[in-house]
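Enquirer: Below you will find the structure I want to go over with you.
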Amino acid sequence: MNAQIPLSSYTMTADGRKIGAVLMEMKNITLRFGGVKAITDISFDIREGEIRSIIGPNGAGKSSMLNVISGFYVPQEGEVWFRGARRPQMKPYEVARQGIARTFQNIALFDGMSVLDNIMTGRLTLMKTGLLAQSFWWGSAEREETAHREKVEKIIDFLEIQAIRKTPVGRLPYGLKKRVELARALAAEPKLLLLDEPMAGMNVEEKEDMCRFILDVNDEFGTTIALIEHDMGVVMDLSDRVVVMDYGKKIGDGTPDEVRNNQAVIDAYLGVSHE
Amino acid sequence: MPETVFYALEVMLNGLMAGIMYALVALGFVLIFKASGIFNYAQGVLALFAALTLVGIMEGQVPFAHLINAIFGTSFHTFGFKVPALVAILITAAIMTLLAVLVERYILKHLVNQEPIILFMATIGLAYFLEGFGDVMWGSDLKSLDVGLPKGIDETIESLTSDWFGYGFFIDRLDIVAAIVAALLVAALTLFSQYSKQGRALRAVADDHQAALSVGISLRFIWVLVWSIAGIVALVAGIMWGSKSGVQFSLSLIALKALPVLMLGGFTSIPGAIVGGLIIGMGEKLFEFLIGPLVGGATENWFAYVLALVFLVFRPQGLFGERIIERV
Ligand SMILES: Nc1ncnc2c1ncn2[C@@H]1O[C@H](COP(=O)(O)OP(=O)(O)OP(=O)(O)O)[C@@H](O)[C@H]1O
Ligand SMILES: [Mg+2]
């Protein structure tokens, strides 16, 4: 059994952010693809307000874990607990509606739509007016649309992408696409934000921007963030706690300092360069 | 201006009107193809089924009358009342929506992530099933459909053009109505897809399934939605075509004309379906008028396909389709 943290209590981080109760807990998750075991009996939790990283060499099963959390993969064994209740098996869209937003390692945007439209789709789950209401009370639908637009414009300002608002996403360079994908996830005002390698393929400057955005999101909106990242410097700077995976198994879990000094981690991951 | 030029112009106008019908059917194809990548072979039969159902309801026909009478030795044929056209249209639209729900529940749901060819085969199966089902339900005789749309040559246009050009244009009122209805339908669809929550979700699904799921869109709901819309578009096509030439099996064959329309306009473009339909409708009438006599006529049977082939060679993605670029 894990030591249970009372729901009301929270701890302060060094930089004065609040880390609260357990928001999501993975219990003994095992995921297989045919004969391949992508995840073997892994347990860990994510607490409210924290930045939780998952690291590990290529093929360790990090993305698979994120896919289990977001409902894209269904584990053969184990339980997923969210906000204190066991989550029944859910479709990805149902998970999204519960307030869990995500980005993809390979970027999944709507290439035919403008940046603005892409981000607007992030708010679909929050839009109330239904089909019939929309056709009969055009006025109220319009008011709702305006309210959503205002929120989206704030996110656009926040992520500093005003200049490309109307650009079709397909034409953007890689780094900006990643930023738009983050914007779309943020538009859903998620409780939990899952980022699969948000900085992969970026230059130093872009990485610095992205780091700043992630920290600001966590700080200003109090969004809980779970992210996968290969850049060790970034991970150590950003994370409150880190899970280390290797060959589908969890080999370490703790604060950046603890993980850095964990011998198994040093052997399996930090010691050997996989990149 | 010489008489023949006016006559050619009249032929073109009439072709334009026929093209609207092709465009309507092609529109149904495009909607489903865009949202799900399924080439819906049953689109034409959907129009036939909708028209059959509409006539059946308006005439107060007892569904499955033949079957019931054969089993129980009774002789029901009608309920003995007529249903007003507007009410019957609404009921038929509801039935087309129900059909969409059933198609999703009993066919599409079980074929998620299958190859496009398998989904295509499934729609062929659906086409034959619906064709037979429509027959059993409403009988296979030729029915006339009259929902009260104006018909016949419009005398106002004839006399006006006769005053202006010295040549009276013969335009069927039904064609004019069809043009207006088609324009309204396209406008409504555009508004819906651009500005409504569901329309936005539909565009999202058409663009990227994975991304759509991640923003909380239910793919199953979207399948039902597009099949309902395609069913209602089929109903409109069925009403127009049925009012013109009666409701019978051949109605489902206009779907075959939709294929060249799609090749011309591109499989994923709504404006493409419209423009493609108009070009083919107009092109085949004009070709028949100009070249037909030289080659012994009946060019309307093949002109559309040849035109589509020529297009396939020079612009495989169609007029409006997205350029196909293979990643290597
Ligand atoms: N959809 C799938 N079907 C079959 N095997 C899969 C699938 N997804 C992942 N795997 C396998 O599961 C294992 C873990 O893959 P995963 O993508 O989770 O690794 P990762 O830690 O994210 O690696 P990377 O750092 O390269 O992104 C790999 O062996 C991979 O081939
Ligand atoms: Mg990965």
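Starting from 1 in every chain, residues are counted up; chains themselves are A, B, ... following the order of the structure tokens, and ligands are numbered from 1 as listed.
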Could you please tell me, as a PyMOL selection string, which residues of chain A have an atom within 10 Å of chain B when using only C-alpha atoms?
Expert: chain A and resi 70-72+91-104+107-113+117-131+134-135+138+141-142+145+181+184-185+187-188
Enquirer: Give me the chain A side of the contact with ligand 2, cut-off 7 Å, one line per residue showing its nearest atom pair and distance in Å at one decimal, counting only C-alpha atoms and all ligand atoms, sorted by chain and residue number, as JSON lines.
Expert:
```
{"residue": "A:Gly59", "atom": "CA", "partner": "ligand 2", "partner_atom_place_in_ligand_line": "1 (Mg)", "distance": 6.9}
{"residue": "A:Gly61", "atom": "CA", "partner": "ligand 2", "partner_atom_place_in_ligand_line": "1 (Mg)", "distance": 6.9}
{"residue": "A:Lys62", "atom": "CA", "partner": "ligand 2", "partner_atom_place_in_ligand_line": "1 (Mg)", "distance": 5.5}
{"residue": "A:Ser63", "atom": "CA", "partner": "ligand 2", "partner_atom_place_in_ligand_line": "1 (Mg)", "distance": 4.0}
{"residue": "A:Gln105", "atom": "CA", "partner": "ligand 2", "partner_atom_place_in_ligand_line": "1 (Mg)", "distance": 6.2}
{"residue": "A:Asp196", "atom": "CA", "partner": "ligand 2", "partner_atom_place_in_ligand_line": "1 (Mg)", "distance": 6.8}
```
Enquirer: Once you count only C-alpha atoms and all ligand atoms, which residues end up within 8 Å of ligand 1, and could you hand them over as a compact mmCIF listing (two decimals) with N, CA, C and O atoms, in the first residue's frame?
Expert:
```
# COMPACT_ATOMS: atom_id res chain seq x y z
N ARG A 32 0.13 -5.13 -22.84
CA ARG A 32 0.83 -5.98 -23.81
C ARG A 32 0.33 -5.71 -25.22
O ARG A 32 -0.86 -5.40 -25.42
N PHE A 33 1.23 -5.78 -26.17
CA PHE A 33 0.84 -5.81 -27.58
C PHE A 33 1.25 -7.17 -28.11
O PHE A 33 2.42 -7.39 -28.39
N GLY A 34 0.29 -8.07 -28.24
CA GLY A 34 0.65 -9.43 -28.63
C GLY A 34 1.64 -9.97 -27.63
O GLY A 34 1.38 -10.03 -26.44
N VAL A 36 4.62 -8.52 -27.02
CA VAL A 36 5.44 -7.46 -26.47
C VAL A 36 4.81 -6.86 -25.22
O VAL A 36 3.66 -6.45 -25.24
N LYS A 37 5.58 -6.84 -24.14
CA LYS A 37 5.09 -6.18 -22.94
C LYS A 37 5.58 -4.74 -22.94
O LYS A 37 6.77 -4.49 -22.75
N ALA A 38 4.68 -3.82 -23.20
CA ALA A 38 5.09 -2.41 -23.25
C ALA A 38 5.20 -1.84 -21.84
O ALA A 38 6.03 -1.00 -21.57
N ILE A 39 4.31 -2.29 -20.95
CA ILE A 39 4.33 -1.85 -19.55
C ILE A 39 4.16 -3.08 -18.66
O ILE A 39 3.27 -3.90 -18.90
N ILE A 55 10.45 9.59 -17.58
CA ILE A 55 11.63 9.53 -18.44
C ILE A 55 12.03 8.07 -18.66
O ILE A 55 11.52 7.16 -18.00
N GLY A 56 12.92 7.88 -19.59
CA GLY A 56 13.38 6.52 -19.91
C GLY A 56 13.87 6.47 -21.33
O GLY A 56 13.55 7.33 -22.14
N PRO A 57 14.68 5.45 -21.65
CA PRO A 57 15.23 5.32 -23.00
C PRO A 57 14.14 5.07 -24.04
O PRO A 57 12.99 4.82 -23.68
N ASN A 58 14.50 5.15 -25.31
CA ASN A 58 13.54 4.88 -26.38
C ASN A 58 12.91 3.50 -26.21
O ASN A 58 13.60 2.54 -25.88
N GLY A 59 11.61 3.44 -26.42
CA GLY A 59 10.92 2.16 -26.34
C GLY A 59 10.66 1.68 -24.93
O GLY A 59 10.24 0.55 -24.71
N ALA A 60 10.90 2.55 -23.93
CA ALA A 60 10.74 2.15 -22.54
C ALA A 60 9.27 1.95 -22.16
O ALA A 60 8.95 1.28 -21.19
N GLY A 61 8.38 2.57 -22.93
CA GLY A 61 6.96 2.44 -22.62
C GLY A 61 6.33 3.72 -22.09
O GLY A 61 5.21 3.70 -21.59
N LYS A 62 7.03 4.84 -22.26
CA LYS A 62 6.53 6.12 -21.73
C LYS A 62 5.25 6.56 -22.44
O LYS A 62 4.25 6.87 -21.80
N SER A 63 5.32 6.58 -23.77
CA SER A 63 4.12 7.00 -24.52
C SER A 63 2.96 6.06 -24.25
O SER A 63 1.81 6.49 -24.15
N SER A 64 3.29 4.77 -24.13
CA SER A 64 2.23 3.81 -23.85
C SER A 64 1.54 4.17 -22.54
O SER A 64 0.30 4.09 -22.43
N MET A 65 2.32 4.57 -21.54
CA MET A 65 1.74 4.94 -20.26
C MET A 65 0.81 6.14 -20.40
O MET A 65 -0.30 6.16 -19.87
N TYR A 73 -4.99 3.55 -25.05
CA TYR A 73 -4.67 2.14 -24.89
C TYR A 73 -5.41 1.61 -23.66
O TYR A 73 -5.56 2.32 -22.67
N GLN A 105 3.18 12.78 -29.29
CA GLN A 105 4.60 12.77 -29.66
C GLN A 105 4.77 13.19 -31.13
O GLN A 105 5.67 13.93 -31.47
N GLU A 197 6.63 14.51 -25.01
CA GLU A 197 7.81 15.13 -25.61
C GLU A 197 7.51 16.49 -26.22
O GLU A 197 7.65 16.68 -27.44
N HIS A 230 13.02 13.83 -23.08
CA HIS A 230 14.32 13.19 -23.16
C HIS A 230 15.44 14.09 -22.64
O HIS A 230 16.45 13.62 -22.17
N MET A 245 11.38 4.86 -16.35
CA MET A 245 11.00 3.57 -16.92
C MET A 245 12.13 3.01 -17.77
O MET A 245 12.90 3.76 -18.35
N ASP A 246 12.20 1.70 -17.82
CA ASP A 246 13.16 1.04 -18.70
C ASP A 246 12.59 -0.33 -19.07
O ASP A 246 12.16 -1.07 -18.20
N TYR A 247 12.57 -0.64 -20.34
CA TYR A 247 11.98 -1.92 -20.80
C TYR A 247 10.64 -2.20 -20.16
O TYR A 247 10.37 -3.33 -19.73
N GLY A 248 9.80 -1.20 -20.06
CA GLY A 248 8.44 -1.41 -19.56
C GLY A 248 8.32 -1.50 -18.06
O GLY A 248 7.22 -1.65 -17.53
```
Enquirer: Please provide as a list in words all residues within 10 Å of range 283-298 of chain B, with the sequence filter that same-chain residues fewer than 6 positions apart are discarded (counting only C-alpha atoms).
Expert: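 Non-adjacent residues within range: Tyr7, Ala8, Leu9, Glu10, Val11, Met12, Leu13, Asn14, Gly15, Leu16, Ala18, Gly19, Gly277, Ala304 and Leu307 of chain B.
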Enquirer: Keeping only N, CA and C atoms, write those residues as a compact mmCIF listing (two decimals), in the first residue's frame.
Expert:
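Heads up, here's the output in result27.txt:
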```txt
# COMPACT_ATOMS: atom_id res chain seq x y z
N TYR B 7 -30.62 28.30 -78.77
CA TYR B 7 -31.02 26.92 -78.47
C TYR B 7 -29.94 26.20 -77.67
N ALA B 8 -28.67 26.42 -78.09
CA ALA B 8 -27.55 25.81 -77.37
C ALA B 8 -27.54 26.30 -75.92
N LEU B 9 -27.82 27.59 -75.76
CA LEU B 9 -27.86 28.19 -74.43
C LEU B 9 -28.94 27.53 -73.58
N GLU B 10 -30.07 27.28 -74.21
CA GLU B 10 -31.19 26.64 -73.51
C GLU B 10 -30.81 25.22 -73.10
N VAL B 11 -30.15 24.54 -74.03
CA VAL B 11 -29.69 23.18 -73.73
C VAL B 11 -28.76 23.20 -72.53
N MET B 12 -27.84 24.18 -72.53
CA MET B 12 -26.89 24.28 -71.43
C MET B 12 -27.61 24.53 -70.11
N LEU B 13 -28.58 25.43 -70.13
CA LEU B 13 -29.34 25.74 -68.91
C LEU B 13 -30.02 24.49 -68.38
N ASN B 14 -30.64 23.75 -69.29
CA ASN B 14 -31.31 22.51 -68.87
C ASN B 14 -30.31 21.51 -68.31
N GLY B 15 -29.12 21.49 -68.94
CA GLY B 15 -28.08 20.59 -68.45
C GLY B 15 -27.65 20.98 -67.05
N LEU B 16 -27.58 22.28 -66.83
CA LEU B 16 -27.21 22.81 -65.52
C LEU B 16 -28.18 22.27 -64.47
N ALA B 18 -30.02 19.51 -64.65
CA ALA B 18 -29.78 18.08 -64.42
C ALA B 18 -28.55 17.91 -63.54
N GLY B 19 -27.57 18.78 -63.77
CA GLY B 19 -26.33 18.72 -63.00
C GLY B 19 -26.57 18.90 -61.52
N GLY B 277 -20.87 18.55 -60.51
CA GLY B 277 -22.21 18.16 -60.96
C GLY B 277 -22.69 19.06 -62.09
N ALA B 304 -19.93 11.55 -69.53
CA ALA B 304 -19.47 11.87 -68.18
C ALA B 304 -18.25 11.05 -67.79
N LEU B 307 -15.11 12.13 -69.74
CA LEU B 307 -14.63 13.40 -69.19
C LEU B 307 -13.87 13.15 -67.88
```
Enquirer: For the atom pair CA of Glu208 in chain A and CA of Leu227 in chain A, what is the interatomic distance in Å to one decimal place?
Expert: 15.7 Å
Enquirer: With distances taken over only C-alpha atoms, which of B:Gly152, B:Gly44, B:Gly28, B:Gly60 is nearest to Leu256 in chain B?
Expert: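 Closest to Leu256 in chain B, using only C-alpha atoms: B:Gly44.
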Enquirer: Pick out each residue of range 123-274 of chain B that DSSP on the backbone tags as helix (DSSP H, G or I); I need them as a ChimeraX atom specification.
Expert: /B:123-138,155-165,173-195,197-207,209-214,219-245,249-265,270-274
Enquirer: Quick one: everything within 12 Å of Ile46 in chain A, counting only C-alpha atoms, minus sequence neighbours fewer than 6 positions away in the same chain. Send it as a tab-separated table (two decimals) with N, CA and C atoms, in the first residue's frame.
Expert:
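The resulting file, part-v2.tsv, is reproduced below:
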```
chain	number	residue	atom	x	y	z
A	5	ILE	N	-2.25	10.16	1.24
A	5	ILE	CA	-2.13	11.56	1.66
A	5	ILE	C	-3.54	12.06	1.94
A	19	ILE	N	1.30	21.70	-3.71
A	19	ILE	CA	1.09	20.36	-4.25
A	19	ILE	C	0.05	19.69	-3.37
A	20	GLY	N	-1.03	19.25	-3.96
A	20	GLY	CA	-2.16	18.78	-3.16
A	20	GLY	C	-2.30	17.28	-3.11
A	21	ALA	N	-3.56	16.84	-3.04
A	21	ALA	CA	-3.87	15.43	-2.89
A	21	ALA	C	-3.58	14.67	-4.19
A	22	VAL	N	-3.66	13.35	-4.08
A	22	VAL	CA	-3.46	12.52	-5.28
A	22	VAL	C	-4.60	12.76	-6.26
A	23	LEU	N	-4.25	13.12	-7.49
A	23	LEU	CA	-5.26	13.40	-8.50
A	23	LEU	C	-5.50	12.15	-9.34
A	24	MET	N	-4.40	11.51	-9.68
A	24	MET	CA	-4.51	10.31	-10.52
A	24	MET	C	-3.56	9.25	-9.98
A	25	GLU	N	-4.07	8.03	-9.95
A	25	GLU	CA	-3.20	6.97	-9.48
A	25	GLU	C	-3.28	5.76	-10.40
A	26	MET	N	-2.12	5.30	-10.84
A	26	MET	CA	-2.04	4.11	-11.67
A	26	MET	C	-1.64	2.97	-10.76
A	27	LYS	N	-2.44	1.90	-10.78
A	27	LYS	CA	-2.13	0.78	-9.88
A	27	LYS	C	-1.83	-0.48	-10.69
A	52	ARG	N	4.88	16.31	-13.09
A	52	ARG	CA	5.37	14.94	-12.94
A	52	ARG	C	5.97	14.52	-14.26
A	53	SER	N	7.19	14.07	-14.26
A	53	SER	CA	7.80	13.66	-15.53
A	53	SER	C	7.94	12.15	-15.61
A	54	ILE	N	7.87	11.65	-16.82
A	54	ILE	CA	8.18	10.24	-17.08
A	54	ILE	C	9.38	10.23	-18.01
A	69	ILE	N	-3.28	6.48	-19.69
A	69	ILE	CA	-3.94	7.52	-18.90
A	69	ILE	C	-5.04	8.20	-19.73
A	80	VAL	N	-6.96	2.25	-12.90
A	80	VAL	CA	-6.69	3.67	-13.01
A	80	VAL	C	-7.65	4.40	-12.07
A	81	TRP	N	-7.08	5.18	-11.17
A	81	TRP	CA	-7.92	5.95	-10.24
A	81	TRP	C	-7.79	7.42	-10.55
A	82	PHE	N	-8.93	8.10	-10.64
A	82	PHE	CA	-8.92	9.52	-10.93
A	82	PHE	C	-9.83	10.24	-9.96
A	83	ARG	N	-9.32	11.25	-9.30
A	83	ARG	CA	-10.06	12.03	-8.32
A	83	ARG	C	-10.75	11.14	-7.28
A	84	GLY	N	-9.97	10.17	-6.80
A	84	GLY	CA	-10.46	9.36	-5.69
A	84	GLY	C	-11.42	8.25	-6.05
A	191	LYS	N	-7.92	19.62	-16.00
A	191	LYS	CA	-7.42	19.38	-14.64
A	191	LYS	C	-6.02	18.81	-14.75
A	192	LEU	N	-5.87	17.91	-15.72
A	192	LEU	CA	-4.59	17.22	-15.91
A	192	LEU	C	-4.17	17.37	-17.37
A	193	LEU	N	-2.93	17.79	-17.54
A	193	LEU	CA	-2.42	18.02	-18.89
A	193	LEU	C	-1.30	17.02	-19.16
A	194	LEU	N	-1.43	16.26	-20.24
A	194	LEU	CA	-0.43	15.25	-20.58
A	194	LEU	C	0.36	15.71	-21.80
A	223	THR	N	-2.59	24.07	-13.19
A	223	THR	CA	-2.83	22.81	-13.91
A	223	THR	C	-1.79	21.76	-13.52
A	224	THR	N	-2.27	20.57	-13.24
A	224	THR	CA	-1.38	19.45	-13.00
A	224	THR	C	-0.83	18.97	-14.34
A	225	ILE	N	0.46	18.69	-14.39
A	225	ILE	CA	1.06	18.33	-15.68
A	225	ILE	C	1.87	17.04	-15.56
A	226	ALA	N	1.62	16.11	-16.48
A	226	ALA	CA	2.48	14.94	-16.58
A	226	ALA	C	3.15	15.01	-17.94
A	227	LEU	N	4.48	14.93	-17.97
A	227	LEU	CA	5.14	15.07	-19.27
A	227	LEU	C	6.25	14.06	-19.46
A	239	SER	N	10.61	19.40	-13.19
A	239	SER	CA	9.77	18.44	-12.48
A	239	SER	C	9.78	18.58	-10.97
A	240	ASP	N	8.63	18.28	-10.39
A	240	ASP	CA	8.59	18.09	-8.95
A	240	ASP	C	8.99	16.65	-8.62
A	241	ARG	N	8.45	15.70	-9.39
A	241	ARG	CA	8.82	14.29	-9.20
A	241	ARG	C	8.97	13.61	-10.54
A	242	VAL	N	9.76	12.58	-10.58
A	242	VAL	CA	10.09	11.90	-11.83
A	242	VAL	C	9.88	10.40	-11.71
A	243	VAL	N	9.23	9.80	-12.70
A	243	VAL	CA	9.16	8.34	-12.80
A	243	VAL	C	10.16	7.92	-13.86
A	253	ASP	N	11.63	6.38	-8.93
A	253	ASP	CA	10.50	7.30	-8.73
A	253	ASP	C	10.86	8.23	-7.58
A	254	GLY	N	10.84	9.52	-7.79
A	254	GLY	CA	11.15	10.45	-6.71
A	254	GLY	C	11.45	11.83	-7.22
```
Enquirer: Excluding Thr40 in chain A and residues on its chain fewer than 4 positions from it, collect all residues at most 7 Å away from it, counting only C-alpha atoms, and give them as a ChimeraX atom specification.
Expert: /A:29-31,248-249
